[in-house]
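K.L.:
This is the structure, below, for whatever I ask next.
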Amino acid sequence: MVAVRLIPCLDVRDGRVVKGVRFRDHREMGDIVELAGRYRDEGADELVFYDITASPQRRSVDVAWVEKVAAAIDIPFCVAGGIRNVATARAVLHAGADKVSVNSPALERPQLISELAEAFGSQCVVVGIDSIRDGQALRVRQYTGDPDNMVDPRRDTEHWVEEVQRLGAGEIVLNCMDADGVRTGYDIAQLDHIRARCRVPLIASGGAGNEQHFLDVFEQADVDGALAATVFHSGQIAIPELKRWLTGRGIVTRV
Amino acid sequence: MTIAVINSGGANLGSVVHALNRLGAESLLTRDADEIRAAERVILPGVGAAAWAMNALREAGLVEVVRGLDQPVLGICLGLQLFFERSEEGDAECLGLIPGTVEQLRAGPGQRLPHMGWNQLAWTDPDDPLARGLSGDEWFYFVHSFAAPVDHAVATCEHGMRFAAVVRRGNFAACQFHPEKSAAAGARVLANFLDL
(Lines give C-alpha, C1' and ligand atoms only; values in the text may rest on other atoms or scores of the structure.)
Protein backbone atom coordinates (compact mmCIF):
# COMPACT_ATOMS: atom_id res chain seq x y z
CA MET A 1 0.00 0.00 0.00
CA VAL A 2 1.34 3.38 -0.97
CA ALA A 3 2.43 5.46 2.02
CA VAL A 4 1.22 9.00 2.65
CA ARG A 5 3.92 11.53 1.86
CA LEU A 6 5.29 14.12 4.27
CA ILE A 7 6.71 16.94 2.22
CA PRO A 8 8.75 19.80 3.64
CA CYS A 9 8.41 22.83 1.42
CA LEU A 10 11.43 25.04 1.03
CA ASP A 11 10.71 28.52 -0.26
CA VAL A 12 13.75 29.73 -2.14
CA ARG A 13 14.75 33.33 -2.61
CA ASP A 14 18.04 34.19 -4.31
CA GLY A 15 19.37 30.70 -3.66
CA ARG A 16 18.51 30.64 0.09
CA VAL A 17 15.63 29.01 1.93
CA VAL A 18 13.19 31.51 3.46
CA LYS A 19 9.80 31.34 5.15
CA GLY A 20 7.14 33.98 5.58
CA VAL A 21 3.76 34.18 7.25
CA ARG A 22 0.77 34.61 4.95
CA PHE A 23 3.23 35.02 2.10
CA ARG A 24 4.86 38.12 3.69
CA ASP A 25 7.86 38.96 5.85
CA HIS A 26 10.30 36.33 4.67
CA ARG A 27 12.93 35.18 7.15
CA GLU A 28 16.04 33.25 6.17
CA MET A 29 16.04 29.58 7.17
CA GLY A 30 19.37 28.36 5.80
CA ASP A 31 21.33 26.80 2.98
CA ILE A 32 19.37 24.75 0.43
CA VAL A 33 21.64 21.73 0.16
CA GLU A 34 22.16 21.57 3.92
CA LEU A 35 18.42 21.69 4.66
CA ALA A 36 17.63 19.24 1.86
CA GLY A 37 20.17 16.78 3.27
CA ARG A 38 18.79 17.16 6.77
CA TYR A 39 15.25 16.40 5.61
CA ARG A 40 16.43 13.43 3.57
CA ASP A 41 18.15 12.00 6.66
CA GLU A 42 15.07 12.59 8.81
CA GLY A 43 12.88 10.60 6.43
CA ALA A 44 11.07 13.29 4.44
CA ASP A 45 9.33 11.49 1.58
CA GLU A 46 9.78 14.26 -0.93
CA LEU A 47 10.82 17.90 -1.07
CA VAL A 48 9.32 20.86 -2.84
CA PHE A 49 11.38 23.93 -3.69
CA TYR A 50 9.41 27.05 -4.52
CA ASP A 51 11.42 29.81 -6.10
CA ILE A 52 9.10 32.47 -4.70
CA THR A 53 10.72 35.36 -6.53
CA ALA A 54 10.86 33.78 -9.98
CA SER A 55 7.20 33.97 -10.95
CA PRO A 56 6.32 37.55 -9.91
CA GLN A 57 9.56 38.83 -11.42
CA ARG A 58 8.78 36.94 -14.64
CA ARG A 59 12.13 35.17 -14.59
CA SER A 60 13.02 31.49 -14.76
CA VAL A 61 14.25 29.33 -11.94
CA ASP A 62 18.01 29.22 -11.52
CA VAL A 63 19.12 25.62 -12.28
CA ALA A 64 22.49 25.77 -10.52
CA TRP A 65 21.01 24.99 -7.10
CA VAL A 66 18.71 22.35 -8.63
CA GLU A 67 21.79 20.48 -9.79
CA LYS A 68 23.43 20.77 -6.36
CA VAL A 69 20.33 19.37 -4.66
CA ALA A 70 20.09 16.51 -7.19
CA ALA A 71 23.70 15.55 -6.59
CA ALA A 72 23.22 15.57 -2.83
CA ILE A 73 19.92 13.83 -2.12
CA ASP A 74 18.32 10.51 -3.11
CA ILE A 75 14.65 11.26 -2.57
CA PRO A 76 12.34 12.84 -5.14
CA PHE A 77 11.96 16.58 -5.35
CA CYS A 78 9.85 19.04 -7.23
CA VAL A 79 10.79 22.51 -8.39
CA ALA A 80 8.33 25.35 -8.74
CA GLY A 81 8.60 28.98 -9.69
CA GLY A 82 8.90 30.69 -13.01
CA ILE A 83 8.49 27.60 -15.19
CA ARG A 84 6.53 28.96 -18.11
CA ASN A 85 7.65 26.85 -21.07
CA VAL A 86 8.87 23.39 -22.06
CA ALA A 87 12.48 24.53 -22.45
CA THR A 88 12.74 25.78 -18.85
CA ALA A 89 11.01 22.67 -17.53
CA ARG A 90 13.46 20.52 -19.49
CA ALA A 91 16.42 22.41 -17.99
CA VAL A 92 15.05 21.86 -14.47
CA LEU A 93 14.30 18.16 -15.05
CA HIS A 94 17.68 17.59 -16.68
CA ALA A 95 19.31 19.26 -13.71
CA GLY A 96 17.84 16.40 -11.67
CA ALA A 97 14.39 17.47 -10.46
CA ASP A 98 11.73 14.77 -10.65
CA LYS A 99 8.80 17.05 -11.21
CA VAL A 100 8.07 20.61 -12.07
CA SER A 101 5.21 22.51 -10.53
CA VAL A 102 3.44 25.27 -12.39
CA ASN A 103 1.07 27.79 -10.88
CA SER A 104 0.87 31.37 -12.13
CA PRO A 105 2.16 30.63 -15.68
CA ALA A 106 -0.47 27.89 -16.06
CA LEU A 107 -3.17 30.43 -15.21
CA GLU A 108 -1.71 32.76 -17.81
CA ARG A 109 -1.66 30.03 -20.43
CA PRO A 110 -3.40 26.75 -19.45
CA GLN A 111 -2.07 25.04 -22.59
CA LEU A 112 1.32 24.98 -20.82
CA ILE A 113 0.07 22.04 -18.74
CA SER A 114 -0.62 19.89 -21.83
CA GLU A 115 2.66 20.89 -23.43
CA LEU A 116 4.53 19.75 -20.33
CA ALA A 117 2.51 16.54 -20.01
CA GLU A 118 3.15 15.72 -23.64
CA ALA A 119 6.87 16.41 -23.40
CA PHE A 120 7.62 14.67 -20.09
CA GLY A 121 4.55 12.67 -19.11
CA SER A 122 1.88 13.66 -16.59
CA GLN A 123 3.88 12.19 -13.72
CA CYS A 124 6.35 15.08 -14.03
CA VAL A 125 3.68 17.78 -14.06
CA VAL A 126 2.39 19.17 -10.79
CA VAL A 127 -0.04 22.06 -10.74
CA GLY A 128 0.08 24.27 -7.68
CA ILE A 129 -3.11 26.11 -6.87
CA ASP A 130 -3.37 29.01 -4.43
CA SER A 131 -6.94 29.04 -3.28
CA ILE A 132 -8.68 31.60 -1.11
CA ARG A 133 -12.15 31.66 0.45
CA ASP A 134 -14.39 34.38 -0.92
CA GLY A 135 -17.70 34.10 0.90
CA GLN A 136 -19.11 30.72 -0.12
CA ALA A 137 -16.79 30.48 -3.12
CA LEU A 138 -13.25 29.20 -3.48
CA ARG A 139 -11.21 31.42 -5.74
CA VAL A 140 -7.79 31.05 -7.32
CA ARG A 141 -5.05 33.63 -6.79
CA GLN A 142 -2.06 34.34 -9.05
CA TYR A 143 1.45 35.71 -8.32
CA THR A 144 1.02 35.11 -4.60
CA GLY A 145 4.80 35.19 -4.12
CA ASP A 146 4.57 38.97 -4.24
CA PRO A 147 1.55 40.28 -2.31
CA ASP A 148 1.78 43.70 -3.98
CA ASN A 149 1.37 42.20 -7.44
CA MET A 150 -1.10 39.42 -6.61
CA VAL A 151 -3.68 38.90 -9.34
CA ASP A 152 -7.24 37.60 -9.33
CA PRO A 153 -7.47 35.41 -12.43
CA ARG A 154 -11.25 35.19 -11.93
CA ARG A 155 -11.47 31.45 -11.62
CA ASP A 156 -13.22 29.16 -9.15
CA THR A 157 -10.88 26.62 -7.55
CA GLU A 158 -13.20 23.69 -8.39
CA HIS A 159 -13.28 24.52 -12.10
CA TRP A 160 -9.55 25.06 -12.24
CA VAL A 161 -8.94 21.70 -10.50
CA GLU A 162 -11.06 19.96 -13.14
CA GLU A 163 -9.45 21.82 -16.02
CA VAL A 164 -5.86 21.13 -15.00
CA GLN A 165 -6.61 17.40 -14.75
CA ARG A 166 -8.16 17.44 -18.21
CA LEU A 167 -5.02 19.18 -19.52
CA GLY A 168 -2.74 16.48 -18.09
CA ALA A 169 -1.70 17.46 -14.55
CA GLY A 170 -0.30 14.43 -12.72
CA GLU A 171 -0.63 15.89 -9.24
CA ILE A 172 -2.23 18.88 -7.57
CA VAL A 173 -0.89 20.83 -4.61
CA LEU A 174 -3.73 22.80 -3.09
CA ASN A 175 -2.47 25.67 -0.99
CA CYS A 176 -5.28 26.98 1.15
CA MET A 177 -4.20 30.60 1.57
CA ASP A 178 -6.43 31.44 4.52
CA ALA A 179 -4.68 28.72 6.53
CA ASP A 180 -1.15 29.31 5.28
CA GLY A 181 1.48 30.10 7.88
CA VAL A 182 -0.95 30.46 10.79
CA ARG A 183 -0.59 26.89 12.10
CA THR A 184 -4.22 26.32 13.02
CA GLY A 185 -4.59 23.21 10.88
CA TYR A 186 -5.16 22.34 7.25
CA ASP A 187 -8.39 23.53 5.65
CA ILE A 188 -10.03 20.11 5.89
CA ALA A 189 -13.40 21.18 4.51
CA GLN A 190 -11.83 22.73 1.42
CA LEU A 191 -9.45 19.83 0.83
CA ASP A 192 -12.20 17.25 1.24
CA HIS A 193 -14.37 19.23 -1.17
CA ILE A 194 -11.56 19.28 -3.75
CA ARG A 195 -10.61 15.63 -3.12
CA ALA A 196 -14.00 14.60 -4.48
CA ARG A 197 -13.08 16.35 -7.74
CA CYS A 198 -9.48 15.16 -7.96
CA ARG A 199 -8.53 11.82 -9.53
CA VAL A 200 -4.77 12.47 -9.43
CA PRO A 201 -2.70 12.64 -6.23
CA LEU A 202 -3.69 15.62 -4.07
CA ILE A 203 -1.25 17.30 -1.71
CA ALA A 204 -2.50 19.47 1.16
CA SER A 205 -0.68 22.71 1.80
CA GLY A 206 -1.07 25.48 4.36
CA GLY A 207 -1.85 25.43 8.04
CA ALA A 208 0.10 22.59 9.70
CA GLY A 209 0.78 23.48 13.32
CA ASN A 210 0.91 20.21 15.22
CA GLU A 211 0.83 16.42 14.78
CA GLN A 212 -2.94 16.20 15.09
CA HIS A 213 -3.32 18.44 12.01
CA PHE A 214 -1.50 15.85 9.91
CA LEU A 215 -3.66 13.02 11.24
CA ASP A 216 -6.81 15.06 10.57
CA VAL A 217 -5.91 15.86 6.98
CA PHE A 218 -5.03 12.25 6.11
CA GLU A 219 -8.09 10.82 7.87
CA GLN A 220 -10.66 13.43 6.95
CA ALA A 221 -9.58 14.75 3.55
CA ASP A 222 -7.93 11.56 2.19
CA VAL A 223 -5.02 13.50 0.71
CA ASP A 224 -1.98 11.66 -0.65
CA GLY A 225 0.54 13.94 0.97
CA ALA A 226 0.86 16.86 3.33
CA LEU A 227 3.18 19.74 2.72
CA ALA A 228 4.47 21.97 5.48
CA ALA A 229 7.26 24.44 6.06
CA THR A 230 7.34 26.30 9.37
CA VAL A 231 6.70 23.36 11.69
CA PHE A 232 9.49 21.39 10.04
CA HIS A 233 12.00 24.22 9.59
CA SER A 234 11.60 25.40 13.18
CA GLY A 235 12.14 21.89 14.53
CA GLN A 236 8.77 22.03 16.30
CA ILE A 237 7.79 18.78 14.58
CA ALA A 238 10.47 16.19 13.87
CA ILE A 239 9.59 13.98 10.92
CA PRO A 240 10.69 10.64 12.48
CA GLU A 241 8.48 11.21 15.53
CA LEU A 242 5.60 12.47 13.40
CA LYS A 243 5.80 9.31 11.29
CA ARG A 244 5.85 7.05 14.32
CA TRP A 245 2.93 8.95 15.85
CA LEU A 246 0.87 8.71 12.64
CA THR A 247 1.73 5.03 12.18
CA GLY A 248 0.52 4.35 15.71
CA ARG A 249 -2.82 5.84 14.67
CA GLY A 250 -3.28 3.70 11.58
CA ILE A 251 -1.79 5.95 8.90
CA VAL A 252 0.58 4.14 6.50
CA THR A 253 3.89 5.99 6.46
CA ARG A 254 7.36 5.08 5.22
CA VAL A 255 9.18 4.25 8.44
CA MET B 1 34.33 -0.56 -13.75
CA THR B 2 32.77 1.10 -16.81
CA ILE B 3 29.07 1.85 -16.53
CA ALA B 4 27.06 3.10 -19.49
CA VAL B 5 23.82 4.92 -18.76
CA ILE B 6 21.89 4.92 -22.02
CA ASN B 7 20.81 8.43 -22.94
CA SER B 8 17.30 7.68 -24.08
CA GLY B 9 16.54 11.39 -24.26
CA GLY B 10 14.08 11.36 -21.36
CA ALA B 11 13.98 13.72 -18.42
CA ASN B 12 16.09 13.44 -15.24
CA LEU B 13 18.65 10.94 -16.53
CA GLY B 14 21.13 12.90 -14.46
CA SER B 15 19.61 11.44 -11.28
CA VAL B 16 20.92 7.97 -12.14
CA VAL B 17 24.40 9.36 -12.77
CA HIS B 18 24.27 11.27 -9.46
CA ALA B 19 23.19 8.10 -7.61
CA LEU B 20 26.10 6.15 -9.09
CA ASN B 21 28.45 8.99 -8.13
CA ARG B 22 27.23 8.76 -4.53
CA LEU B 23 28.23 5.07 -4.62
CA GLY B 24 31.66 6.10 -5.83
CA ALA B 25 31.04 4.69 -9.31
CA GLU B 26 31.70 6.73 -12.39
CA SER B 27 29.36 6.39 -15.32
CA LEU B 28 28.98 7.61 -18.82
CA LEU B 29 25.71 9.05 -20.16
CA THR B 30 25.83 7.89 -23.77
CA ARG B 31 23.99 6.80 -26.89
CA ASP B 32 27.12 5.53 -28.61
CA ALA B 33 26.72 1.85 -29.59
CA ASP B 34 30.39 0.98 -29.10
CA GLU B 35 30.54 2.61 -25.66
CA ILE B 36 27.41 0.74 -24.62
CA ARG B 37 28.66 -2.63 -25.92
CA ALA B 38 32.06 -2.15 -24.24
CA ALA B 39 30.68 -1.17 -20.80
CA GLU B 40 30.77 -3.71 -17.98
CA ARG B 41 27.36 -2.57 -16.74
CA VAL B 42 24.57 -0.96 -18.73
CA ILE B 43 21.62 0.96 -17.31
CA LEU B 44 18.53 1.81 -19.33
CA PRO B 45 16.69 4.52 -17.42
CA GLY B 46 13.58 6.18 -18.68
CA VAL B 47 10.92 8.67 -17.94
CA GLY B 48 8.31 9.42 -20.56
CA ALA B 49 6.10 7.42 -22.90
CA ALA B 50 6.96 3.97 -24.27
CA ALA B 51 6.34 4.77 -27.96
CA TRP B 52 8.39 7.94 -27.71
CA ALA B 53 11.29 6.17 -25.94
CA MET B 54 11.31 3.28 -28.44
CA ASN B 55 11.48 5.82 -31.27
CA ALA B 56 14.43 7.49 -29.57
CA LEU B 57 16.23 4.13 -29.28
CA ARG B 58 15.41 3.27 -32.89
CA GLU B 59 16.65 6.62 -34.18
CA ALA B 60 19.89 6.20 -32.24
CA GLY B 61 20.27 2.70 -33.78
CA LEU B 62 20.25 1.13 -30.32
CA VAL B 63 17.42 -1.41 -30.49
CA GLU B 64 19.59 -4.29 -31.70
CA VAL B 65 22.51 -3.08 -29.59
CA VAL B 66 20.48 -3.39 -26.39
CA ARG B 67 18.97 -6.73 -27.45
CA GLY B 68 22.46 -8.11 -28.04
CA LEU B 69 24.04 -7.09 -24.72
CA ASP B 70 25.40 -9.95 -22.60
CA GLN B 71 26.77 -8.00 -19.61
CA PRO B 72 24.46 -7.19 -16.66
CA VAL B 73 21.81 -4.68 -17.79
CA LEU B 74 19.46 -2.79 -15.45
CA GLY B 75 16.26 -1.17 -16.69
CA ILE B 76 14.67 1.50 -14.52
CA CYS B 77 10.98 2.50 -14.57
CA LEU B 78 10.12 2.94 -18.26
CA GLY B 79 13.33 0.98 -18.90
CA LEU B 80 11.66 -2.05 -17.29
CA GLN B 81 8.59 -1.64 -19.46
CA LEU B 82 10.70 -1.42 -22.62
CA PHE B 83 12.16 -4.90 -21.87
CA PHE B 84 8.72 -6.43 -22.57
CA GLU B 85 7.24 -7.27 -25.99
CA ARG B 86 4.64 -4.54 -26.18
CA SER B 87 3.19 -1.65 -24.25
CA GLU B 88 -0.39 -0.49 -24.29
CA GLU B 89 1.02 3.02 -23.93
CA GLY B 90 0.88 4.31 -27.50
CA ASP B 91 0.53 0.66 -28.63
CA ALA B 92 4.32 0.45 -28.82
CA GLU B 93 6.40 -2.51 -29.91
CA CYS B 94 9.16 -2.78 -27.31
CA LEU B 95 12.46 -4.67 -27.03
CA GLY B 96 10.92 -8.12 -26.57
CA LEU B 97 13.53 -9.34 -24.09
CA ILE B 98 10.83 -10.57 -21.71
CA PRO B 99 7.50 -12.05 -22.84
CA GLY B 100 4.38 -10.08 -22.02
CA THR B 101 2.53 -6.82 -22.56
CA VAL B 102 2.73 -3.74 -20.37
CA GLU B 103 -0.74 -2.55 -19.36
CA GLN B 104 -2.29 0.56 -17.93
CA LEU B 105 -2.65 0.41 -14.16
CA ARG B 106 -6.22 0.23 -12.91
CA ALA B 107 -6.56 2.00 -9.58
CA GLY B 108 -8.85 0.53 -6.96
CA PRO B 109 -11.28 2.53 -4.86
CA GLY B 110 -9.57 5.40 -3.03
CA GLN B 111 -6.42 4.96 -5.13
CA ARG B 112 -4.97 7.48 -7.48
CA LEU B 113 -3.17 7.38 -10.81
CA PRO B 114 -0.33 7.85 -11.49
CA HIS B 115 0.90 5.46 -8.79
CA MET B 116 3.11 8.10 -7.21
CA GLY B 117 4.89 7.61 -3.92
CA TRP B 118 6.59 5.08 -1.67
CA ASN B 119 5.48 1.46 -1.66
CA GLN B 120 6.73 -1.91 -0.45
CA LEU B 121 7.66 -5.03 -2.40
CA ALA B 122 6.82 -8.69 -2.07
CA TRP B 123 9.90 -10.65 -3.14
CA THR B 124 8.92 -13.86 -4.94
CA ASP B 125 12.61 -14.67 -5.21
CA PRO B 126 14.27 -13.30 -2.06
CA ASP B 127 17.55 -14.86 -3.26
CA ASP B 128 17.75 -12.61 -6.29
CA PRO B 129 21.13 -10.84 -6.23
CA LEU B 130 19.39 -7.43 -6.33
CA ALA B 131 17.73 -8.26 -2.98
CA ARG B 132 21.01 -8.87 -1.18
CA GLY B 133 21.12 -7.12 2.18
CA LEU B 134 17.43 -6.14 2.08
CA SER B 135 15.03 -7.32 4.78
CA GLY B 136 12.03 -7.12 2.45
CA ASP B 137 10.31 -4.33 4.42
CA GLU B 138 11.99 -1.47 2.59
CA TRP B 139 10.07 1.28 0.83
CA PHE B 140 10.78 2.27 -2.76
CA TYR B 141 9.72 5.31 -4.74
CA PHE B 142 7.36 4.65 -7.66
CA VAL B 143 5.92 6.98 -10.25
CA HIS B 144 4.14 5.38 -13.19
CA SER B 145 0.77 4.78 -14.84
CA PHE B 146 1.64 1.62 -16.78
CA ALA B 147 2.94 -1.65 -15.38
CA ALA B 148 4.31 -5.03 -16.43
CA PRO B 149 2.81 -8.48 -15.74
CA VAL B 150 4.15 -10.50 -12.82
CA ASP B 151 5.13 -13.69 -14.73
CA HIS B 152 8.86 -12.89 -14.75
CA ALA B 153 8.89 -10.84 -11.57
CA VAL B 154 11.28 -11.59 -8.74
CA ALA B 155 9.45 -8.94 -6.72
CA THR B 156 5.94 -7.57 -7.08
CA CYS B 157 4.09 -4.52 -5.84
CA GLU B 158 0.41 -3.70 -5.66
CA HIS B 159 -1.59 -0.62 -6.59
CA GLY B 160 -5.06 -1.52 -7.77
CA MET B 161 -3.51 -4.64 -9.29
CA ARG B 162 -0.37 -6.67 -8.66
CA PHE B 163 2.44 -5.80 -11.05
CA ALA B 164 6.13 -6.49 -11.58
CA ALA B 165 8.37 -4.38 -9.34
CA VAL B 166 11.60 -6.23 -10.19
CA VAL B 167 12.01 -8.56 -13.18
CA ARG B 168 14.90 -10.69 -14.28
CA ARG B 169 15.66 -12.74 -17.35
CA GLY B 170 19.27 -13.84 -17.70
CA ASN B 171 21.54 -10.81 -17.68
CA PHE B 172 18.59 -8.41 -17.98
CA ALA B 173 17.11 -7.15 -14.72
CA ALA B 174 14.87 -4.17 -14.17
CA CYS B 175 12.95 -2.34 -11.49
CA GLN B 176 9.75 -0.37 -11.85
CA PHE B 177 10.63 1.89 -8.93
CA HIS B 178 13.39 4.49 -9.03
CA PRO B 179 16.35 3.13 -7.04
CA GLU B 180 18.13 6.45 -7.59
CA LYS B 181 15.32 8.19 -5.67
CA SER B 182 14.63 5.51 -3.06
CA ALA B 183 17.04 6.67 -0.34
CA ALA B 184 19.19 4.00 1.33
CA ALA B 185 17.13 1.04 0.05
CA GLY B 186 17.50 2.19 -3.54
CA ALA B 187 21.22 2.79 -3.13
CA ARG B 188 21.50 -0.80 -1.90
CA VAL B 189 19.76 -2.14 -5.04
CA LEU B 190 22.09 -0.12 -7.27
CA ALA B 191 25.13 -1.29 -5.31
CA ASN B 192 23.89 -4.88 -5.67
CA PHE B 193 23.65 -4.39 -9.41
CA LEU B 194 27.23 -3.09 -9.56
CA ASP B 195 28.37 -6.07 -7.46
CA LEU B 196 26.79 -8.73 -9.73
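Lettering and numbering for the C-alpha coordinates are positional, with chains as A, B, ... in the shown order, residues counted from 1 in each chain, and ligands counted from 1 in the shown order.
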Dump as a list in words the residues of chain B that approach chain A to within 6 Å, counting only C-alpha atoms.
P.N.:
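In the required form, that comes to Ala11, Asn12, Gly14, Ser15, His18, Gly48, Arg112, Leu113, Trp118, Asn119, Lys181, Ser182 and Ala183 of chain B.
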K.L.:
Find the spatial neighbours of Arg37 of chain B, counting only C-alpha atoms, within a cut-off of 12 Å - ignore same-chain residues fewer than 6 positions away - and output them as a list in words.
P.N.:
Thr2, Ile3, Ala4, Val5, Ile6, Thr30, Arg31, Ile43, Leu62, Glu64, Val65, Val66, Arg67, Gly68, Leu69, Asp70, Gln71, Pro72 and Val73 of chain B
K.L.:
Env of segment 122-128 of chain B: 6 Å cut, atoms = only C-alpha atoms, seq-sep filter 5 positions within chain, self excluded. Answer as an MDAnalysis selection string.
P.N.:
chainID B and resid 154:156
K.L.:
Write out, as a PDB file, in the first residue's frame, the residues just selected, with N, CA and C atoms.
P.N.:
```
ATOM      1  N   VAL B 154      10.668 -11.033  -9.953  1.00  0.00           N
ATOM      2  CA  VAL B 154      11.278 -11.590  -8.741  1.00  0.00           C
ATOM      3  C   VAL B 154      10.777 -10.814  -7.521  1.00  0.00           C
ATOM      4  N   ALA B 155      10.146  -9.670  -7.781  1.00  0.00           N
ATOM      5  CA  ALA B 155       9.449  -8.941  -6.716  1.00  0.00           C
ATOM      6  C   ALA B 155       8.230  -8.269  -7.343  1.00  0.00           C
ATOM      7  N   THR B 156       7.151  -8.217  -6.576  1.00  0.00           N
ATOM      8  CA  THR B 156       5.937  -7.572  -7.082  1.00  0.00           C
ATOM      9  C   THR B 156       5.545  -6.431  -6.144  1.00  0.00           C
TER      10      THR B 156
END
```
K.L.:
I need the residues of segment 27-166 of chain B that end up classed as strand (DSSP E or B) by DSSP on the backbone, written out as a PyMOL selection string.
P.N.:
chain B and resi 27-30+41-44+73-76+84-87+92-93+98-104+115-120+122-123+139-144+146-147+153-159+161-166
K.L.:
What gap, in Å, lies between atom CA of Pro8 of chain A and atom CA of Glu241 of chain A?
P.N.:
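Separation of atom CA of Pro8 of chain A and atom CA of Glu241 of chain A: 14.7 Å.
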K.L.:
Rounded to one decimal place, report the atom CA of Phe83 of chain B-atom CA of Phe172 of chain B distance in Å.
P.N.:
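One can read the atom CA of Phe83 of chain B to atom CA of Phe172 of chain B distance as 8.3 Å.
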K.L.:
State, in Å with one decimal place, the distance from atom CA of Asn210 of chain A to atom CA of Arg13 of chain A.
P.N.:
26.1 Å
